[in-house]
file final_36.tsv (TSV, C-alpha atoms)
chain	number	residue	atom	x	y	z
A	263	MET	CA	-4.24	-40.44	-41.23
A	264	GLY	CA	-7.11	-38.14	-40.43
A	265	THR	CA	-8.47	-35.42	-42.64
A	266	PRO	CA	-6.90	-31.91	-42.44
A	267	GLU	CA	-9.91	-30.82	-40.43
A	268	GLN	CA	-9.40	-33.66	-37.94
A	269	SER	CA	-5.66	-33.13	-37.59
A	270	THR	CA	-5.96	-29.40	-36.85
A	271	ALA	CA	-9.19	-29.32	-34.91
A	272	GLY	CA	-7.45	-29.45	-31.56
A	273	VAL	CA	-4.86	-26.77	-32.31
A	274	PRO	CA	-6.89	-23.68	-31.25
A	275	ALA	CA	-7.97	-25.40	-28.04
A	276	ALA	CA	-4.38	-26.46	-27.35
A	277	ARG	CA	-3.14	-22.90	-27.92
A	278	TRP	CA	-5.86	-21.50	-25.66
A	279	THR	CA	-5.00	-24.00	-22.93
A	280	GLY	CA	-1.31	-23.15	-23.29
A	281	ARG	CA	-2.02	-19.43	-22.92
A	282	VAL	CA	-4.12	-20.01	-19.82
A	283	ARG	CA	-1.33	-22.12	-18.37
A	284	GLY	CA	1.19	-19.43	-19.29
A	285	LEU	CA	-0.86	-16.70	-17.64
A	286	ALA	CA	-1.22	-18.85	-14.53
A	287	GLY	CA	2.56	-19.24	-14.37
A	288	ALA	CA	3.21	-15.56	-15.07
A	289	CYS	CA	1.08	-14.29	-12.17
A	290	HIS	CA	3.57	-15.54	-9.53
A	291	PRO	CA	1.09	-18.14	-8.26
A	292	GLY	CA	2.92	-18.93	-5.01
A	293	PRO	CA	2.72	-15.40	-3.53
A	294	VAL	CA	-0.76	-14.86	-5.01
A	295	VAL	CA	-2.14	-17.96	-3.28
A	296	ALA	CA	-0.27	-17.32	-0.01
A	297	VAL	CA	-1.32	-13.67	0.37
A	298	THR	CA	-4.91	-14.31	-0.72
A	299	ALA	CA	-5.29	-17.30	1.61
A	300	LEU	CA	-3.78	-15.35	4.53
A	301	THR	CA	-6.19	-12.46	3.96
A	302	ALA	CA	-9.16	-14.79	3.65
A	303	ALA	CA	-8.24	-16.50	6.93
A	304	LEU	CA	-7.70	-13.12	8.60
A	305	ALA	CA	-11.10	-11.88	7.39
A	306	VAL	CA	-12.85	-14.96	8.79
A	307	THR	CA	-11.05	-14.93	12.14
A	308	ALA	CA	-11.61	-11.17	12.48
A	309	GLY	CA	-15.36	-11.70	12.28
A	310	GLN	CA	-16.31	-10.68	8.75
A	311	GLY	CA	-19.39	-12.51	7.52
A	312	ALA	CA	-19.33	-14.99	4.67
A	313	ALA	CA	-20.35	-12.46	2.01
A	314	ARG	CA	-17.93	-9.77	3.17
A	315	SER	CA	-15.08	-12.28	3.56
A	316	THR	CA	-15.69	-13.44	-0.01
A	317	LEU	CA	-15.68	-9.85	-1.28
A	318	THR	CA	-12.47	-9.06	0.65
A	319	THR	CA	-10.81	-12.17	-0.71
A	320	ALA	CA	-11.87	-11.39	-4.29
A	321	ALA	CA	-10.46	-7.86	-4.02
A	322	VAL	CA	-7.13	-9.14	-2.72
A	323	LEU	CA	-6.98	-11.91	-5.33
A	324	THR	CA	-7.48	-9.51	-8.25
A	325	GLY	CA	-4.97	-7.09	-6.76
A	326	GLN	CA	-2.35	-9.79	-6.34
A	327	LEU	CA	-2.96	-11.12	-9.85
A	328	SER	CA	-2.49	-7.63	-11.30
A	329	VAL	CA	0.78	-7.18	-9.42
A	330	GLY	CA	2.17	-10.56	-10.47
A	331	TRP	CA	1.29	-10.08	-14.13
A	332	CYS	CA	2.65	-6.54	-14.11
A	333	ASN	CA	5.92	-7.84	-12.71
A	334	ASP	CA	6.42	-10.47	-15.42
A	335	ALA	CA	5.29	-8.19	-18.24
A	336	PHE	CA	7.56	-5.32	-17.19
A	337	ASP	CA	10.54	-7.62	-16.59
A	338	ALA	CA	10.09	-9.55	-19.85
A	339	GLY	CA	13.03	-7.93	-21.61
A	340	ARG	CA	15.36	-8.50	-18.67
A	341	ASP	CA	14.18	-12.10	-18.23
A	342	ILE	CA	14.72	-12.82	-21.93
A	343	ALA	CA	18.23	-11.36	-21.76
A	344	ALA	CA	18.97	-13.50	-18.70
A	345	GLY	CA	17.58	-16.66	-20.34
A	346	ARG	CA	14.98	-17.23	-17.61
A	347	ARG	CA	13.35	-20.30	-19.19
A	348	ASP	CA	11.16	-20.69	-16.10
A	349	LYS	CA	9.24	-17.59	-17.18
A	350	PRO	CA	6.24	-18.14	-19.52
A	351	VAL	CA	6.97	-14.93	-21.46
A	352	VAL	CA	10.50	-16.21	-22.13
A	353	ASP	CA	9.60	-19.71	-23.32
A	354	GLY	CA	6.85	-18.32	-25.55
A	355	THR	CA	3.91	-19.88	-23.72
A	356	VAL	CA	2.23	-16.48	-23.50
A	357	GLY	CA	2.96	-13.10	-25.08
A	358	VAL	CA	4.02	-9.97	-23.21
A	359	ARG	CA	1.01	-8.04	-24.54
A	360	GLU	CA	-1.34	-10.73	-23.23
A	361	VAL	CA	0.24	-10.50	-19.79
A	362	TRP	CA	-0.14	-6.70	-19.81
A	363	VAL	CA	-3.82	-7.06	-20.78
A	364	ALA	CA	-4.34	-9.55	-17.97
A	365	ALA	CA	-2.62	-7.23	-15.47
A	366	CYS	CA	-4.73	-4.23	-16.46
A	367	THR	CA	-7.94	-6.28	-16.47
A	368	ALA	CA	-7.24	-7.63	-12.98
A	369	LEU	CA	-6.49	-4.10	-11.76
A	370	ALA	CA	-9.72	-2.80	-13.31
A	371	LEU	CA	-11.63	-5.48	-11.39
A	372	CYS	CA	-9.73	-4.81	-8.18
A	373	VAL	CA	-10.84	-1.17	-7.95
A	374	PRO	CA	-14.64	-1.69	-7.68
A	375	LEU	CA	-14.22	-4.84	-5.58
A	376	SER	CA	-12.04	-2.94	-3.10
A	377	LEU	CA	-14.36	0.08	-2.92
A	378	ALA	CA	-17.35	-2.24	-2.44
A	379	CYS	CA	-15.82	-3.08	0.96
A	380	GLY	CA	-16.15	0.58	1.97
A	381	LEU	CA	-14.50	3.83	0.93
A	382	TRP	CA	-11.78	3.81	3.57
A	383	ALA	CA	-11.17	0.07	3.29
A	384	GLY	CA	-10.96	0.32	-0.49
A	385	ALA	CA	-8.65	3.30	-0.36
A	386	VAL	CA	-6.28	1.47	2.00
A	387	HIS	CA	-6.22	-1.68	-0.12
A	388	LEU	CA	-5.72	0.22	-3.37
A	389	THR	CA	-2.85	2.11	-1.73
A	390	GLY	CA	-1.18	-1.23	-1.06
A	391	VAL	CA	-1.79	-2.38	-4.64
A	392	ALA	CA	-0.44	0.92	-5.98
A	393	ALA	CA	2.69	0.46	-3.85
A	394	ALA	CA	3.18	-3.01	-5.33
A	395	TRP	CA	2.84	-1.65	-8.89
A	396	ALA	CA	5.35	1.07	-8.00
A	397	TYR	CA	7.74	-1.69	-6.91
A	398	ASP	CA	7.30	-3.52	-10.22
A	399	LEU	CA	7.69	-0.41	-12.38
A	400	ARG	CA	10.37	1.54	-10.53
A	401	LEU	CA	11.29	0.84	-6.90
A	402	LYS	CA	12.49	-2.75	-7.36
A	403	ALA	CA	15.88	-1.48	-8.57
A	404	THR	CA	16.33	1.15	-5.83
A	405	ALA	CA	17.35	1.19	-2.18
A	406	TRP	CA	13.65	1.77	-1.37
A	407	SER	CA	12.61	-1.64	-2.69
A	408	TRP	CA	11.54	-2.69	0.82
A	409	ALA	CA	8.99	0.12	1.20
A	410	PRO	CA	6.26	-1.23	-1.14
A	411	TYR	CA	6.36	-4.58	0.66
A	412	ALA	CA	5.99	-2.84	4.03
A	413	VAL	CA	3.09	-0.71	2.78
A	414	GLY	CA	1.39	-3.61	0.99
A	415	PHE	CA	1.54	-6.05	3.89
A	416	ALA	CA	0.50	-3.37	6.41
A	417	ALA	CA	-2.49	-2.55	4.21
A	418	LEU	CA	-3.90	-6.09	4.33
A	419	PRO	CA	-4.92	-6.24	8.04
A	420	ALA	CA	-6.02	-2.60	7.81
A	421	PHE	CA	-8.24	-3.51	4.83
A	422	VAL	CA	-9.78	-6.36	6.82
A	423	ALA	CA	-10.36	-4.22	9.93
A	424	LEU	CA	-11.99	-1.36	8.00
A	425	GLY	CA	-14.31	-3.90	6.37
A	426	LEU	CA	-15.77	-4.97	9.73
A	427	PRO	CA	-19.13	-3.64	11.01
A	428	GLY	CA	-18.61	-0.11	12.28
A	429	ARG	CA	-15.46	0.26	10.17
A	430	PRO	CA	-13.04	0.31	13.13
A	431	TRP	CA	-9.50	1.52	12.59
A	432	PRO	CA	-6.93	-1.29	12.73
A	433	ALA	CA	-4.86	-1.85	15.84
A	434	TRP	CA	-1.43	-0.23	15.54
A	435	TRP	CA	0.39	-3.41	16.44
A	436	VAL	CA	-1.31	-5.42	13.70
A	437	VAL	CA	-0.34	-2.86	11.04
A	438	THR	CA	3.21	-2.66	12.39
A	439	ALA	CA	3.56	-6.44	12.40
A	440	GLY	CA	2.22	-6.55	8.85
A	441	ALA	CA	4.82	-4.04	7.70
A	442	LEU	CA	7.63	-6.03	9.36
A	443	LEU	CA	6.35	-9.25	7.77
A	444	GLY	CA	6.41	-7.44	4.43
A	445	VAL	CA	10.07	-6.48	4.85
A	446	GLY	CA	10.90	-10.08	5.76
A	447	ALA	CA	8.93	-11.34	2.76
A	448	HIS	CA	10.89	-9.01	0.48
A	449	LEU	CA	14.23	-10.28	1.75
A	450	GLY	CA	13.17	-13.92	1.48
A	451	ASP	CA	11.59	-13.49	-1.96
A	452	VAL	CA	14.66	-11.84	-3.49
A	453	LEU	CA	17.34	-13.97	-1.81
A	454	PRO	CA	17.41	-16.83	-4.40
A	455	ASP	CA	17.68	-14.38	-7.33
A	456	ILE	CA	20.23	-11.87	-6.03
A	457	ARG	CA	23.14	-12.94	-8.24
A	458	GLY	CA	20.96	-13.05	-11.35
A	459	ASP	CA	19.46	-9.67	-10.51
A	460	LEU	CA	22.89	-8.09	-10.12
A	461	ALA	CA	23.93	-9.52	-13.48
A	462	THR	CA	21.01	-7.73	-15.15
A	463	GLY	CA	21.48	-4.42	-13.33
A	464	VAL	CA	18.82	-4.71	-10.59
A	465	ARG	CA	20.20	-3.10	-7.44
A	466	GLY	CA	17.42	-3.07	-4.88
A	467	TRP	CA	17.99	-3.07	-1.15
A	468	PRO	CA	18.62	-6.85	-0.84
A	469	GLN	CA	20.93	-6.86	-3.86
A	470	ARG	CA	23.00	-4.11	-2.24
A	471	LEU	CA	23.24	-6.15	0.96
A	472	GLY	CA	24.36	-9.24	-0.95
A	473	PRO	CA	23.37	-12.87	-0.25
A	474	ASP	CA	25.28	-13.13	3.03
A	475	GLY	CA	23.93	-9.84	4.32
A	476	VAL	CA	20.36	-10.85	3.48
A	477	ARG	CA	20.72	-14.22	5.20
A	478	ARG	CA	21.92	-12.52	8.37
A	479	LEU	CA	19.22	-9.84	8.29
A	480	LEU	CA	16.28	-11.97	7.14
A	481	PRO	CA	15.13	-13.21	10.59
A	482	VAL	CA	15.31	-9.74	12.19
A	483	PRO	CA	12.08	-8.16	10.88
A	484	LEU	CA	10.26	-11.47	11.36
A	485	VAL	CA	11.32	-11.77	15.01
A	486	ALA	CA	10.43	-8.10	15.48
A	487	ALA	CA	6.97	-8.89	14.10
A	488	SER	CA	6.68	-11.74	16.61
A	489	ALA	CA	7.53	-9.36	19.45
A	490	VAL	CA	4.99	-6.79	18.29
A	491	LEU	CA	2.25	-9.42	17.95
A	492	VAL	CA	2.92	-10.78	21.45
A	493	LEU	CA	3.62	-7.54	23.33
A	494	GLY	CA	1.49	-5.09	21.35
A	495	PRO	CA	-2.06	-5.99	22.52
A	496	ALA	CA	-3.31	-4.45	25.75
A	497	GLY	CA	-2.68	-6.41	28.91
A	498	PRO	CA	0.04	-8.90	29.79
A	499	PRO	CA	0.95	-11.45	27.14
A	500	ASP	CA	-0.32	-14.97	27.67
A	501	SER	CA	1.99	-17.93	28.17
A	502	ARG	CA	1.48	-19.22	24.62
A	503	GLY	CA	2.49	-15.88	23.17
A	504	VAL	CA	5.62	-15.71	25.33
A	505	ALA	CA	6.52	-19.27	24.36
A	506	ALA	CA	6.00	-18.47	20.67
A	507	LEU	CA	8.21	-15.38	20.93
A	508	ALA	CA	10.95	-17.31	22.75
A	509	GLY	CA	10.76	-20.06	20.14
A	510	ALA	CA	10.98	-17.52	17.30
A	511	VAL	CA	14.09	-15.95	18.83
A	512	LEU	CA	15.78	-19.34	19.35
A	513	VAL	CA	15.00	-20.50	15.81
A	514	ALA	CA	16.26	-17.21	14.34
A	515	VAL	CA	19.50	-17.36	16.33
A	516	ALA	CA	20.04	-21.00	15.37
A	517	GLY	CA	19.44	-20.15	11.72
A	518	ALA	CA	21.92	-17.28	11.83
A	519	VAL	CA	24.60	-19.45	13.44
A	520	LEU	CA	24.06	-22.47	11.19
A	521	GLY	CA	23.79	-20.19	8.17
A	522	ARG	CA	27.52	-19.53	8.35
A	523	ARG	CA	28.11	-23.13	7.25
A	524	TRP	CA	24.85	-24.06	5.53
A	525	ALA	CA	23.47	-21.20	3.46
A	526	ARG	CA	19.88	-22.45	3.47
A	527	SER	CA	19.65	-22.62	7.26
A	528	ALA	CA	18.94	-18.91	7.71
A	529	PHE	CA	16.18	-19.01	5.10
A	530	ALA	CA	14.63	-22.14	6.63
A	531	ALA	CA	14.70	-20.51	10.06
A	532	ALA	CA	13.07	-17.37	8.66
A	533	VAL	CA	10.27	-19.45	7.14
A	534	CYS	CA	9.66	-21.08	10.54
A	535	VAL	CA	9.52	-17.68	12.25
A	536	ALA	CA	7.14	-16.39	9.55
A	537	VAL	CA	4.83	-19.35	10.24
A	538	VAL	CA	4.86	-18.44	13.93
A	539	ASP	CA	4.01	-14.83	13.04
A	540	VAL	CA	1.10	-15.83	10.81
A	541	THR	CA	-0.21	-18.13	13.55
A	542	LEU	CA	0.02	-15.34	16.11
A	543	LEU	CA	-1.72	-12.96	13.71
A	544	LEU	CA	-4.60	-15.34	13.04
A	545	HIS	CA	-5.03	-16.32	16.69
A	546	GLY	CA	-4.45	-12.91	18.24
A	547	THR	CA	-6.93	-10.59	19.93
A	548	GLY	CA	-8.24	-9.14	16.66
A	549	VAL	CA	-7.19	-6.67	14.00
A	550	ALA	CA	-9.08	-3.72	15.45
call {"tool": "encode", "arguments": {"input": "final_36.tsv", "output": "structure tokens"}}
result
Amino acid sequence: MGTPEQSTAGVPAARWTGRVRGLAGACHPGPVVAVTALTAALAVTAGQGAARSTLTTAAVLTGQLSVGWCNDAFDAGRDIAAGRRDKPVVDGTVGVREVWVAACTALALCVPLSLACGLWAGAVHLTGVAAAWAYDLRLKATAWSWAPYAVGFAALPAFVALGLPGRPWPAWWVVTAGALLGVGAHLGDVLPDIRGDLATGVRGWPQRLGPDGVRRLLPVPLVAASAVLVLGPAGPPDSRGVAALAGAVLVAVAGAVLGRRWARSAFAAAVCVAVVDVTLLLHGTGVA
């Protein structure tokens, strides 16, 4: 046996590591990574330099972290009541107060990072972050739950465009496609949890539609985003864009038909269409 000092020396480090791991799990890492990576890629392809792309990415990362931590901290009581053992605040890995502190700290960092990209760019990005906080704190359980997603996703390409030299206003079709992608992301994100949400009193727009209604509707905003991305830019669409749009429509229709027998088919089809949309967005004619 070791001495008392030896046997307890690793405890503080273990607790610290556990808290870091808990905070990482509580930030909703999947969406944080996906949205941040998409924005970083969009900034690079739009023509932002290395320094500005890094600043844009840092602003979006802190904003997304603040939103994810706010979500888990605010929903802690509901998650505990529902026995959500997949949540770090439920299994005791990290405390609710610590998650709130992390959320507020990330938000405090997001404000100067966003404004450093320019006044208008910062204002647009912070509007999207504010919309996401409004979703976490109030709108999630209302029929307007889709609106923060639409505003937040529309704000991302606008933030990138306004951060370019000359601060050009974003193209209307890019912002519109972003909003439609946001609505699709909301439907897809909520779909797996609808029954659990209803059991704990959350009645947002997808919960009111029900699982079957969401599966049927899910591809619609994503296909609409495909159409806007292909047909929105000036001039006739190129053959690759037309092929991508036709493929998106076929995949969405197939998912809707197969979804009547296999529930996951509609979701899988929506994911495929979303990938097409992101590809079109990154390889389009620009955000401005």
call {"tool": "closest_atom_pairs", "arguments": {"input": "final_36.tsv", "of": "stretch 365-404 of chain A", "to": "stretch 421-428 of chain A", "cutoff": "9 Å", "atoms": "all atoms listed in the file", "output": "JSON lines"}}
result
{"residue": "A:Ser376", "atom": "CA", "partner": "A:Phe421", "partner_atom": "CA", "distance": 8.8}
{"residue": "A:Cys379", "atom": "CA", "partner": "A:Gly425", "partner_atom": "CA", "distance": 5.7}
{"residue": "A:Gly380", "atom": "CA", "partner": "A:Gly425", "partner_atom": "CA", "distance": 6.5}
{"residue": "A:Trp382", "atom": "CA", "partner": "A:Leu424", "partner_atom": "CA", "distance": 6.8}
{"residue": "A:Ala383", "atom": "CA", "partner": "A:Phe421", "partner_atom": "CA", "distance": 4.9}
{"residue": "A:Gly384", "atom": "CA", "partner": "A:Phe421", "partner_atom": "CA", "distance": 7.1}
{"residue": "A:Ala385", "atom": "CA", "partner": "A:Phe421", "partner_atom": "CA", "distance": 8.6}
{"residue": "A:Val386", "atom": "CA", "partner": "A:Phe421", "partner_atom": "CA", "distance": 6.1}
{"residue": "A:His387", "atom": "CA", "partner": "A:Phe421", "partner_atom": "CA", "distance": 5.7}
call {"tool": "write_last_selection", "arguments": {"input": "final_36.tsv", "atoms": "C-alpha atoms", "output": "mmCIF file, in the frame of the given file"}}
result
data_model
loop_
_atom_site.group_PDB
_atom_site.id
_atom_site.type_symbol
_atom_site.label_atom_id
_atom_site.label_comp_id
_atom_site.auth_asym_id
_atom_site.auth_seq_id
_atom_site.Cartn_x
_atom_site.Cartn_y
_atom_site.Cartn_z
ATOM 1 C CA SER A 376 -12.040 -2.940 -3.100
ATOM 2 C CA CYS A 379 -15.820 -3.080 0.960
ATOM 3 C CA GLY A 380 -16.150 0.580 1.970
ATOM 4 C CA TRP A 382 -11.780 3.810 3.570
ATOM 5 C CA ALA A 383 -11.170 0.070 3.290
ATOM 6 C CA GLY A 384 -10.960 0.320 -0.490
ATOM 7 C CA ALA A 385 -8.650 3.300 -0.360
ATOM 8 C CA VAL A 386 -6.280 1.470 2.000
ATOM 9 C CA HIS A 387 -6.220 -1.680 -0.120
#
call {"tool": "closest_residue", "arguments": {"input": "final_36.tsv", "among": "A:Leu323, A:Ala516, A:Val358, A:Ala420", "to": "A:Ala308", "atoms": "only C-alpha atoms"}}
result
A:Ala420
call {"tool": "closest_residue", "arguments": {"input": "final_36.tsv", "among": "A:Thr307, A:Thr462, A:Gln326, A:Thr318", "to": "A:Pro291", "atoms": "all atoms listed in the file"}}
result
A:Gln326
call {"tool": "closest_residue", "arguments": {"input": "final_36.tsv", "among": "A:Arg281, A:Arg347, A:Arg429, A:His290", "to": "A:Gly330", "atoms": "all atoms listed in the file"}}
result
A:His290
call {"tool": "closest_residue", "arguments": {"input": "final_36.tsv", "among": "A:Ala393, A:Ala417, A:Leu399, A:Ala299", "to": "A:Val549", "atoms": "only C-alpha atoms"}}
result
A:Ala417
call {"tool": "closest_residue", "arguments": {"input": "final_36.tsv", "among": "A:Val482, A:Leu375, A:Val356, A:Leu418", "to": "A:Arg314", "atoms": "all atoms listed in the file"}}
result
A:Leu375
call {"tool": "atom_distance", "arguments": {"input": "final_36.tsv", "atom1": "atom CA of A:Thr324", "atom2": "atom CA of A:Ala368"}}
result
5.1 Å
call {"tool": "atom_distance", "arguments": {"input": "final_36.tsv", "atom1": "atom CA of A:Trp395", "atom2": "atom CA of A:Leu449"}}
result
17.8 Å
call {"tool": "closest_residue", "arguments": {"input": "final_36.tsv", "among": "A:Val329, A:Leu317, A:Ala486, A:Ala365", "to": "A:Val535", "atoms": "all atoms listed in the file"}}
result
A:Ala486
call {"tool": "residues_around", "arguments": {"input": "final_36.tsv", "residues": "A:Trp362", "least_positions_apart": "6", "cutoff": "12 Å", "atoms": "only C-alpha atoms", "output": "VMD selection string"}}
result
chain A and resid 285 288 to 289 327 to 338 351 356 368 to 369
call {"tool": "atom_distance", "arguments": {"input": "final_36.tsv", "atom1": "atom CA of A:Val452", "atom2": "atom CA of A:Val492"}}
result
27.6 Å
call {"tool": "residues_around", "arguments": {"input": "final_36.tsv", "residues": "A:Gly509", "least_positions_apart": "3", "cutoff": "10 Å", "atoms": "only C-alpha atoms", "output": "list of chain:residue names"}}
result
A:Val485, A:Ser488, A:Gly503, A:Val504, A:Ala505, A:Ala506, A:Leu512, A:Val513, A:Ala514, A:Val515, A:Cys534, A:Val535, A:Val538
call {"tool": "axis_aligned_box", "arguments": {"input": "final_36.tsv", "around": "stretch 362-378 of chain A", "padding_each_side": "4 Å", "output": "lines of an AutoDock Vina configuration file"}}
result
center_x = -8.7
center_y = -4.7
center_z = -11.6
size_x = 25.2
size_y = 17.6
size_z = 26.3
call {"tool": "residues_around", "arguments": {"input": "final_36.tsv", "residues": "A:Leu401", "least_positions_apart": "2", "cutoff": "12 Å", "atoms": "all atoms listed in the file", "output": "list in words"}}
result
Asn333, Ala392, Ala393, Ala394, Trp395, Ala396, Tyr397, Asp398, Leu399, Ala403, Thr404, Ala405, Trp406, Ser407, Trp408, Ala409, Pro410, Tyr411, Val464, Arg465, Gly466 and Trp467 of chain A
call {"tool": "build_atoms", "arguments": {"input": "final_36.tsv", "residues": "stretch 328-336 of chain A", "atoms": "all heavy atoms", "output": "short mmCIF file (atom, residue, chain, number, x, y, z; two decimals), keeping the file's coordinate frame"}}
result
data_model
loop_
_atom_site.label_atom_id
_atom_site.label_comp_id
_atom_site.auth_asym_id
_atom_site.auth_seq_id
_atom_site.Cartn_x
_atom_site.Cartn_y
_atom_site.Cartn_z
N SER A 328 -2.95 -8.78 -10.51
CA SER A 328 -2.49 -7.63 -11.30
C SER A 328 -1.02 -7.34 -11.03
O SER A 328 -0.26 -7.04 -11.95
CB SER A 328 -3.35 -6.40 -10.98
OG SER A 328 -2.99 -5.78 -9.76
N VAL A 329 -0.61 -7.45 -9.79
CA VAL A 329 0.78 -7.18 -9.42
C VAL A 329 1.71 -8.23 -10.02
O VAL A 329 2.76 -7.90 -10.57
CB VAL A 329 0.93 -7.15 -7.89
CG1 VAL A 329 2.40 -7.07 -7.49
CG2 VAL A 329 0.15 -5.96 -7.31
N GLY A 330 1.33 -9.50 -9.91
CA GLY A 330 2.17 -10.56 -10.47
C GLY A 330 2.32 -10.46 -11.97
O GLY A 330 3.42 -10.60 -12.51
N TRP A 331 1.21 -10.21 -12.68
CA TRP A 331 1.29 -10.08 -14.13
C TRP A 331 2.06 -8.84 -14.55
O TRP A 331 2.83 -8.88 -15.51
CB TRP A 331 -0.13 -10.06 -14.71
CG TRP A 331 -0.73 -11.43 -14.82
CD1 TRP A 331 -0.08 -12.59 -15.15
CD2 TRP A 331 -2.10 -11.79 -14.61
NE1 TRP A 331 -0.96 -13.66 -15.15
CE2 TRP A 331 -2.21 -13.20 -14.84
CE3 TRP A 331 -3.25 -11.08 -14.27
CZ2 TRP A 331 -3.41 -13.88 -14.72
CZ3 TRP A 331 -4.46 -11.76 -14.15
CH2 TRP A 331 -4.54 -13.15 -14.37
N CYS A 332 1.88 -7.74 -13.82
CA CYS A 332 2.65 -6.54 -14.11
C CYS A 332 4.14 -6.81 -13.98
O CYS A 332 4.95 -6.38 -14.82
CB CYS A 332 2.22 -5.41 -13.17
SG CYS A 332 3.24 -3.92 -13.27
N ASN A 333 4.51 -7.54 -12.94
CA ASN A 333 5.92 -7.84 -12.71
C ASN A 333 6.54 -8.60 -13.88
O ASN A 333 7.60 -8.22 -14.40
CB ASN A 333 6.06 -8.65 -11.41
CG ASN A 333 7.49 -8.90 -11.01
OD1 ASN A 333 8.20 -9.68 -11.65
ND2 ASN A 333 7.93 -8.24 -9.96
N ASP A 334 5.86 -9.66 -14.33
CA ASP A 334 6.42 -10.47 -15.42
C ASP A 334 6.40 -9.72 -16.75
O ASP A 334 7.32 -9.87 -17.56
CB ASP A 334 5.66 -11.80 -15.54
CG ASP A 334 6.39 -12.93 -14.83
OD1 ASP A 334 7.10 -12.63 -13.85
OD2 ASP A 334 6.24 -14.09 -15.22
N ALA A 335 5.36 -8.93 -16.99
CA ALA A 335 5.29 -8.19 -18.24
C ALA A 335 6.37 -7.12 -18.30
O ALA A 335 7.06 -6.96 -19.32
CB ALA A 335 3.91 -7.54 -18.39
N PHE A 336 6.57 -6.40 -17.21
CA PHE A 336 7.56 -5.32 -17.19
C PHE A 336 8.98 -5.87 -17.26
O PHE A 336 9.87 -5.25 -17.86
CB PHE A 336 7.38 -4.48 -15.93
CG PHE A 336 8.26 -3.26 -15.89
CD1 PHE A 336 7.95 -2.15 -16.67
CD2 PHE A 336 9.39 -3.21 -15.09
CE1 PHE A 336 8.75 -1.03 -16.65
CE2 PHE A 336 10.20 -2.09 -15.06
CZ PHE A 336 9.88 -0.99 -15.84
#
